Structures are given as structure tokens and as C-alpha cells.
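my_file24.pdb follows; it contains PDB, C-alpha atoms.
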```
ATOM      1  CA  MET A   1       0.000   0.000   0.000
ATOM      2  CA  GLY A   2       1.417   3.378  -1.037
ATOM      3  CA  GLN A   3       1.809   6.525   0.976
ATOM      4  CA  ASP A   4      -1.431   8.382   1.703
ATOM      5  CA  VAL A   5      -1.605  11.881   0.245
ATOM      6  CA  ILE A   6      -3.843  14.333   2.083
ATOM      7  CA  LEU A   7      -4.636  17.865   0.939
ATOM      8  CA  VAL A   8      -5.413  20.250   3.817
ATOM      9  CA  ALA A   9      -7.208  23.361   2.572
ATOM     10  CA  ASP A  10      -7.804  26.098   5.131
ATOM     11  CA  ASP A  11      -6.769  29.749   5.163
ATOM     12  CA  HIS A  12      -5.870  29.691   8.879
ATOM     13  CA  PRO A  13      -2.324  28.339   9.478
ATOM     14  CA  LEU A  14      -3.109  27.397  13.074
ATOM     15  CA  PHE A  15      -6.045  25.248  12.076
ATOM     16  CA  ARG A  16      -4.003  23.623   9.310
ATOM     17  CA  ASP A  17      -1.489  22.759  12.041
ATOM     18  CA  ALA A  18      -4.278  21.257  14.141
ATOM     19  CA  LEU A  19      -5.418  19.120  11.208
ATOM     20  CA  LYS A  20      -1.845  17.964  10.649
ATOM     21  CA  ILE A  21      -1.678  16.851  14.281
ATOM     22  CA  ALA A  22      -4.934  14.903  13.803
ATOM     23  CA  ILE A  23      -3.519  13.305  10.643
ATOM     24  CA  ALA A  24      -0.301  12.338  12.433
ATOM     25  CA  ARG A  25      -2.366  10.376  14.959
ATOM     26  CA  CYS A  26      -4.106   8.182  12.382
ATOM     27  CA  ALA A  27      -1.826   8.285   9.321
ATOM     28  CA  PRO A  28       1.704   9.100  10.539
ATOM     29  CA  GLY A  29       3.299   8.321   7.186
ATOM     30  CA  ALA A  30       0.948  10.489   5.126
ATOM     31  CA  ARG A  31       2.252  13.175   2.797
ATOM     32  CA  ILE A  32       0.433  16.428   3.492
ATOM     33  CA  ILE A  33      -0.159  19.164   0.948
ATOM     34  CA  GLU A  34      -1.350  22.538   2.240
ATOM     35  CA  ALA A  35      -3.510  25.158   0.535
ATOM     36  CA  ALA A  36      -4.792  28.491   1.847
ATOM     37  CA  SER A  37      -7.368  29.285  -0.835
ATOM     38  CA  ILE A  38      -9.646  27.570  -3.335
ATOM     39  CA  ALA A  39      -7.297  28.654  -6.126
ATOM     40  CA  GLU A  40      -4.362  26.927  -4.401
ATOM     41  CA  THR A  41      -6.546  23.894  -3.690
ATOM     42  CA  MET A  42      -7.609  23.648  -7.328
ATOM     43  CA  ALA A  43      -3.986  23.988  -8.470
ATOM     44  CA  ALA A  44      -2.941  21.181  -6.130
ATOM     45  CA  VAL A  45      -5.765  18.935  -7.336
ATOM     46  CA  ARG A  46      -4.702  19.487 -10.926
ATOM     47  CA  ALA A  47      -0.998  18.988 -10.184
ATOM     48  CA  GLU A  48      -1.267  15.888  -8.004
ATOM     49  CA  PRO A  49      -2.454  12.718  -9.755
ATOM     50  CA  GLN A  50      -2.969  10.959  -6.422
ATOM     51  CA  ILE A  51      -4.781  12.672  -3.580
ATOM     52  CA  ASP A  52      -6.442  10.247  -1.206
ATOM     53  CA  LEU A  53      -8.375  12.796   0.837
ATOM     54  CA  LEU A  54      -9.170  16.511   0.831
ATOM     55  CA  LEU A  55      -9.957  18.258   4.117
ATOM     56  CA  LEU A  56     -11.748  21.414   3.023
ATOM     57  CA  ASP A  57     -12.795  24.567   4.851
ATOM     58  CA  LEU A  58     -15.902  26.128   3.304
ATOM     59  CA  MET A  59     -14.971  29.701   4.161
ATOM     60  CA  MET A  60     -11.845  30.892   2.389
ATOM     61  CA  PRO A  61     -11.046  34.319   0.943
ATOM     62  CA  ASP A  62     -11.799  33.356  -2.671
ATOM     63  CA  SER A  63     -14.824  31.132  -2.059
ATOM     64  CA  LYS A  64     -18.410  31.849  -1.108
ATOM     65  CA  GLY A  65     -20.408  29.132   0.562
ATOM     66  CA  PHE A  66     -20.406  25.829  -1.298
ATOM     67  CA  ALA A  67     -19.013  27.252  -4.556
ATOM     68  CA  GLY A  68     -15.489  25.962  -3.923
ATOM     69  CA  LEU A  69     -16.714  22.487  -2.983
ATOM     70  CA  ALA A  70     -18.934  22.359  -6.073
ATOM     71  CA  ALA A  71     -16.082  23.446  -8.346
ATOM     72  CA  LEU A  72     -13.648  20.925  -6.850
ATOM     73  CA  HIS A  73     -16.178  18.110  -7.182
ATOM     74  CA  LEU A  74     -16.665  18.989 -10.841
ATOM     75  CA  GLU A  75     -12.888  19.082 -11.374
ATOM     76  CA  ARG A  76     -12.322  15.648  -9.801
ATOM     77  CA  PRO A  77     -15.586  13.853  -9.002
ATOM     78  CA  GLY A  78     -13.922  10.838  -7.412
ATOM     79  CA  LEU A  79     -11.867  12.790  -4.873
ATOM     80  CA  PRO A  80     -13.041  12.077  -1.297
ATOM     81  CA  VAL A  81     -13.758  15.372   0.473
ATOM     82  CA  VAL A  82     -14.422  15.882   4.162
ATOM     83  CA  VAL A  83     -15.636  19.387   4.930
ATOM     84  CA  VAL A  84     -14.160  20.827   8.119
ATOM     85  CA  SER A  85     -15.959  24.044   8.887
ATOM     86  CA  ALA A  86     -17.085  26.426  11.605
ATOM     87  CA  ALA A  87     -20.373  26.847   9.744
ATOM     88  CA  GLU A  88     -23.571  25.884  11.557
ATOM     89  CA  ALA A  89     -23.384  22.110  11.406
ATOM     90  CA  ALA A  90     -27.002  21.093  10.802
ATOM     91  CA  GLU A  91     -27.434  23.054   7.580
ATOM     92  CA  ALA A  92     -23.864  22.914   6.289
ATOM     93  CA  ALA A  93     -23.456  19.175   6.816
ATOM     94  CA  ALA A  94     -26.559  18.187   4.879
ATOM     95  CA  ARG A  95     -25.777  20.524   2.010
ATOM     96  CA  SER A  96     -22.090  19.582   1.845
ATOM     97  CA  ARG A  97     -23.280  16.098   0.934
ATOM     98  CA  GLU A  98     -25.354  17.541  -1.936
ATOM     99  CA  TYR A  99     -22.178  18.988  -3.443
ATOM    100  CA  GLY A 100     -20.187  15.775  -3.207
ATOM    101  CA  ALA A 101     -18.585  15.675   0.260
ATOM    102  CA  ILE A 102     -18.389  12.297   2.006
ATOM    103  CA  GLY A 103     -18.354  13.737   5.534
ATOM    104  CA  PHE A 104     -18.546  16.868   7.651
ATOM    105  CA  LEU A 105     -16.643  17.882  10.766
ATOM    106  CA  ASN A 106     -17.305  20.976  12.818
ATOM    107  CA  LYS A 107     -14.144  22.885  13.736
ATOM    108  CA  GLY A 108     -15.142  22.517  17.356
ATOM    109  CA  ALA A 109     -14.642  18.744  17.192
ATOM    110  CA  GLY A 110     -11.824  17.243  19.239
ATOM    111  CA  LEU A 111      -8.644  15.896  17.685
ATOM    112  CA  ASP A 112      -9.688  12.322  18.449
ATOM    113  CA  ASP A 113     -12.965  12.758  16.548
ATOM    114  CA  ILE A 114     -11.201  14.389  13.608
ATOM    115  CA  SER A 115      -8.568  11.643  13.529
ATOM    116  CA  SER A 116     -11.276   8.982  13.593
ATOM    117  CA  VAL A 117     -13.109  10.446  10.590
ATOM    118  CA  ILE A 118      -9.838  10.892   8.667
ATOM    119  CA  ALA A 119      -8.885   7.268   9.347
ATOM    120  CA  ARG A 120     -12.261   5.999   8.183
ATOM    121  CA  ALA A 121     -12.130   8.153   5.042
ATOM    122  CA  LEU A 122      -8.670   6.824   4.164
ATOM    123  CA  SER A 123      -9.935   3.272   4.655
ATOM    124  CA  GLY A 124     -12.577   3.856   2.007
ATOM    125  CA  ALA A 125     -15.598   4.614   4.185
ATOM    126  CA  ARG A 126     -18.191   6.960   2.739
ATOM    127  CA  ASP A 127     -21.200   8.820   4.168
ATOM    128  CA  LEU A 128     -19.252   9.275   7.388
ATOM    129  CA  ASP A 129     -20.657  10.098  10.797
ATOM    130  CA  GLY A 130     -21.241  13.790  11.295
ATOM    131  CA  TRP A 131     -24.155  14.264   8.901
ATOM    132  CA  ALA A 132     -26.876  16.114  10.683
ATOM    133  CA  ASP A 133     -30.267  14.433  10.853
ATOM    134  CA  ILE A 134     -32.399  17.339   9.654
ATOM    135  CA  GLU A 135     -35.313  17.763   7.301
ATOM    136  CA  PRO A 136     -33.829  18.788   3.926
ATOM    137  CA  ASP A 137     -34.949  21.903   2.082
ATOM    138  CA  ALA A 138     -36.517  20.361  -1.016
ATOM    139  CA  ASP A 139     -36.099  23.467  -3.183
ATOM    140  CA  LEU A 140     -32.434  23.927  -2.261
ATOM    141  CA  ASP A 141     -31.724  20.221  -2.726
ATOM    142  CA  ASP A 142     -33.329  20.264  -6.172
ATOM    143  CA  MET A 143     -31.298  23.301  -7.218
ATOM    144  CA  ALA A 144     -28.106  21.756  -5.813
ATOM    145  CA  ARG A 145     -28.731  18.724  -8.031
ATOM    146  CA  ARG A 146     -29.220  21.009 -11.029
ATOM    147  CA  ILE A 147     -26.029  22.935 -10.239
ATOM    148  CA  ARG A 148     -24.133  19.639 -10.102
ATOM    149  CA  THR A 149     -25.015  19.083 -13.787
ATOM    150  CA  LEU A 150     -23.054  22.206 -14.819
ATOM    151  CA  THR A 151     -19.637  21.886 -16.390
ATOM    152  CA  PRO A 152     -16.693  23.653 -14.688
ATOM    153  CA  ALA A 153     -16.904  26.484 -17.240
ATOM    154  CA  GLN A 154     -20.651  26.853 -16.763
ATOM    155  CA  LEU A 155     -20.215  26.969 -12.983
ATOM    156  CA  LYS A 156     -17.615  29.739 -13.365
ATOM    157  CA  VAL A 157     -20.091  31.737 -15.445
ATOM    158  CA  LEU A 158     -22.807  31.227 -12.823
ATOM    159  CA  LEU A 159     -20.434  32.387 -10.080
ATOM    160  CA  GLY A 160     -19.616  35.441 -12.173
ATOM    161  CA  LEU A 161     -23.334  36.232 -12.376
ATOM    162  CA  LEU A 162     -23.668  35.709  -8.629
ATOM    163  CA  GLU A 163     -20.918  38.281  -8.049
ATOM    164  CA  GLY A 164     -22.582  40.805 -10.356
ATOM    165  CA  ARG A 165     -20.014  40.692 -13.153
ATOM    166  CA  LEU A 166     -20.802  41.736 -16.723
ATOM    167  CA  ASN A 167     -20.333  39.331 -19.623
ATOM    168  CA  LYS A 168     -17.157  41.113 -20.726
ATOM    169  CA  GLN A 169     -15.719  40.868 -17.208
ATOM    170  CA  ILE A 170     -16.495  37.146 -17.033
ATOM    171  CA  ALA A 171     -14.966  36.687 -20.481
ATOM    172  CA  TYR A 172     -11.778  38.485 -19.433
ATOM    173  CA  GLU A 173     -11.407  36.482 -16.224
ATOM    174  CA  MET A 174     -11.977  33.177 -18.032
ATOM    175  CA  SER A 175      -9.883  34.156 -21.095
ATOM    176  CA  ILE A 176     -12.746  33.385 -23.471
ATOM    177  CA  SER A 177     -14.881  35.451 -25.841
ATOM    178  CA  GLU A 178     -18.114  37.153 -24.856
ATOM    179  CA  ALA A 179     -19.881  34.926 -27.385
ATOM    180  CA  THR A 180     -18.624  31.872 -25.498
ATOM    181  CA  VAL A 181     -19.812  33.380 -22.216
ATOM    182  CA  LYS A 182     -23.269  33.865 -23.746
ATOM    183  CA  ALA A 183     -23.277  30.257 -24.960
ATOM    184  CA  HIS A 184     -22.363  29.027 -21.485
ATOM    185  CA  MET A 185     -25.028  31.279 -19.993
ATOM    186  CA  THR A 186     -27.684  29.821 -22.281
ATOM    187  CA  ALA A 187     -26.701  26.340 -21.135
ATOM    188  CA  VAL A 188     -26.783  27.455 -17.487
ATOM    189  CA  PHE A 189     -30.284  28.885 -17.878
ATOM    190  CA  ARG A 190     -31.481  25.646 -19.482
ATOM    191  CA  LYS A 191     -29.950  23.366 -16.851
ATOM    192  CA  LEU A 192     -31.212  25.477 -13.946
ATOM    193  CA  ASN A 193     -34.627  25.905 -15.599
ATOM    194  CA  VAL A 194     -34.489  29.703 -15.400
ATOM    195  CA  ARG A 195     -35.113  32.372 -18.024
ATOM    196  CA  ASN A 196     -32.733  35.218 -17.235
ATOM    197  CA  ARG A 197     -29.754  36.443 -15.212
ATOM    198  CA  THR A 198     -31.870  37.544 -12.252
ATOM    199  CA  GLN A 199     -33.508  34.144 -11.911
ATOM    200  CA  ALA A 200     -30.108  32.458 -12.253
ATOM    201  CA  VAL A 201     -28.704  34.579  -9.416
ATOM    202  CA  LEU A 202     -31.705  33.710  -7.232
ATOM    203  CA  ALA A 203     -31.238  30.026  -8.075
ATOM    204  CA  ALA A 204     -27.558  30.236  -7.153
ATOM    205  CA  ARG A 205     -28.525  30.945  -3.535
ATOM    206  CA  ALA A 206     -28.257  27.164  -3.189
ATOM    207  CA  LEU A 207     -24.484  27.745  -3.202
ATOM    208  CA  ALA A 208     -24.653  30.019  -0.156
ATOM    209  CA  LEU A 209     -23.933  28.798   3.355
ATOM    210  CA  GLU A 210     -27.322  30.030   4.504
ATOM    211  CA  PRO A 211     -30.549  29.999   2.459
ATOM    212  CA  ALA A 212     -31.649  33.404   1.216
ATOM    213  CA  THR A 213     -34.432  35.019   3.192
ATOM    214  CA  VAL A 214     -37.322  36.909   1.671
TER
END
```

Once you've parsed the file, please lay out its structure as C-alpha cells.
Amino acid sequence: MGQDVILVADDHPLFRDALKIAIARCAPGARIIEAASIAETMAAVRAEPQIDLLLLDLMMPDSKGFAGLAALHLERPGLPVVVVSAAEAAEAAARSREYGAIGFLNKGAGLDDISSVIARALSGARDLDGWADIEPDADLDDMARRIRTLTPAQLKVLLGLLEGRLNKQIAYEMSISEATVKAHMTAVFRKLNVRNRTQAVLAARALALEPATV
């Protein structure tokens, strides 16, 4: 059996250190890769052919809500992800699963609990303990499923809409033409079953950590 490779993605160095201590308890020979943003996490995922587990914080400077998790799952669907977050556990845990995570740990968990979940994830366990037993929001769950059908490029366009960017700004950031942005947008509208930018932005609330209030 080869060396385990674990990617620790959190923008707080002290908490990354805490996760490394938890890893040392259950997988002392593991190789640890660190990332402090979603951009760094994505770069590591693309550069490393073998990552056995990603420990992912939901709240990083360049990620809003579940957008980073959704993008990473699209980039490498088979990568096991355990979300480790200070977000309110009941809501965040259930919705992390919708975007492809196999487990959820609150940052208030003890090192023994974190080590236990990491060990089980590395052994191949899925749907790990830590999911909250709550009644799901049917509308948000349906939209999360629709968002999961987007391609990486389509998700980037949707996130651009969510942040209020114009087509030309999205095109510049993605290094594509405005015509290509419009084509992606048409596909996004169709997959999300919406008719315009405003409806798409409202639909994208399913990517937020907390449901939008009216």
C-alpha cells in the first residue's frame, strides 16, 4: 500500500497545524499538501495525480459558501472530500453532501474525533458520521442537483453572475470570448430551468452557506 496523500485546505495556518496533528495520529506516514485558498486547492488537485483525501474549509477568501466544494467536485468527481468548517453544522453538513462531500466535521470537534473520521475516510468509508439528521430543504436540494449538472466552465459563469459581473468581465477572467460566455449562460439557464440572469442569481442561492431570506 502506497503513501497516503492528504490535501489540507484552510486559510488559517493554526487550524491547518491542528489538522496535521490529527492526521499524524491516524496516518503518521501520510504526505500532506497545504492550501490556503480555493485557487491553491484547485492547483494542487490538478498537479497531483494521487490525492487520497481533501480536508476542506468552506470559508476561504476566494470562495463563497459551497461554490469551492462544487467546483472541486466537478474538477475531480472521485476525490473524497471531508468538509471541516465552523459553519452551523445542521445546515452545512446536509448541504455539503449535496455537493459531493463524504463527511462533515465541525471545527469545534476534538482531535480524536477528527482523527477517527480521517482514518475511516482513508480506509474507504463513505457517508461518514457527522451528517446532521435534519429535514432537507426540497427546493435547495433540487437546485443543488441542477447545479451539479453544470460543467466547470458553466459553474464559473454562474459564479460570475452571482458576483454581479458583466459578460465582458467574465470573459476576461476566463480568457474566453463574450460569445462563449453567452453560450455558457444559455446552457446554465437551461440546466437550472431559469429564463434570465436575475432568476439564475436567485437560483444560485443554493451555493450560499445560509438559504436566502425573503

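Taking atom CA of Met60 of chain A and atom CA of Asp11 of chain A as endpoints, the distance between them is 5.9 Å.
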
Exercise for the section: Find the residues around Glu163 of chain A up to 10 Å (only C-alpha atoms counted), leave out those fewer than 4 positions away in its own chain, and share them as a PyMOL selection string. Expected result: chain A and resi 64+157-159+201

Practice task
Compile the contact shell of segment 52-54 of chain A as a ChimeraX atom specification: residues with an atom at most 6 Å away, counting only C-alpha atoms, same-chain residues fewer than 5 positions apart removed.
Solution key: /A:5-7,80-81

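Considering the residues A:Ala70, A:Ala94, A:Ile33, A:Leu55 and counting all atoms listed in the file, Lys107 of chain A has its shortest atom-to-atom contact with A:Leu55.
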
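Closest approach to Ala187 of chain A among A:Leu58, A:Gln169, A:Ala153, A:Arg205 is made by A:Ala153 (distances from only C-alpha atoms).
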
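Taking atom CA of Glu40 of chain A and atom CA of Leu79 of chain A as the two end points, the separation is 16.0 Å.
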
Surrounding residues of Gly65 of chain A excluding itself and chain neighbours under 2 positions, 10 Å, all atoms listed in the file, as a CSV table (one decimal) with C-alpha atoms, keeping the file's coordinate frame:
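Printed below is part_17.csv as written:
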```csv
chain,number,residue,atom,x,y,z
A,57,ASP,CA,-12.8,24.6,4.9
A,58,LEU,CA,-15.9,26.1,3.3
A,59,MET,CA,-15.0,29.7,4.2
A,60,MET,CA,-11.8,30.9,2.4
A,63,SER,CA,-14.8,31.1,-2.1
A,67,ALA,CA,-19.0,27.3,-4.6
A,68,GLY,CA,-15.5,26.0,-3.9
A,69,LEU,CA,-16.7,22.5,-3.0
A,70,ALA,CA,-18.9,22.4,-6.1
A,87,ALA,CA,-20.4,26.8,9.7
A,92,ALA,CA,-23.9,22.9,6.3
A,96,SER,CA,-22.1,19.6,1.8
A,205,ARG,CA,-28.5,30.9,-3.5
A,206,ALA,CA,-28.3,27.2,-3.2
A,207,LEU,CA,-24.5,27.7,-3.2
A,208,ALA,CA,-24.7,30.0,-0.2
A,209,LEU,CA,-23.9,28.8,3.4
A,210,GLU,CA,-27.3,30.0,4.5
```

Completion exercise
Between atom CA of Thr186 of chain A and atom CA of Lys168 of chain A lies a distance of 15.5 Å

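Nearest to Lys191 of chain A of all the residues A:Ser85, A:Ser115, A:Thr151, A:Asn106 is A:Thr151, counting all atoms listed in the file.
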
Problem - Nearest residue to Ile38 of chain A from the set A:Leu162, A:Phe66, A:Ala24, A:Arg145 (distances using all atoms listed in the file) - result: A:Phe66

Exercise for the section: Find, counting all atoms listed in the file, the residue in A:Leu111, A:Ala125, A:Val8, A:Met143 that gets nearest to Val83 of chain A. Expected result: A:Val8
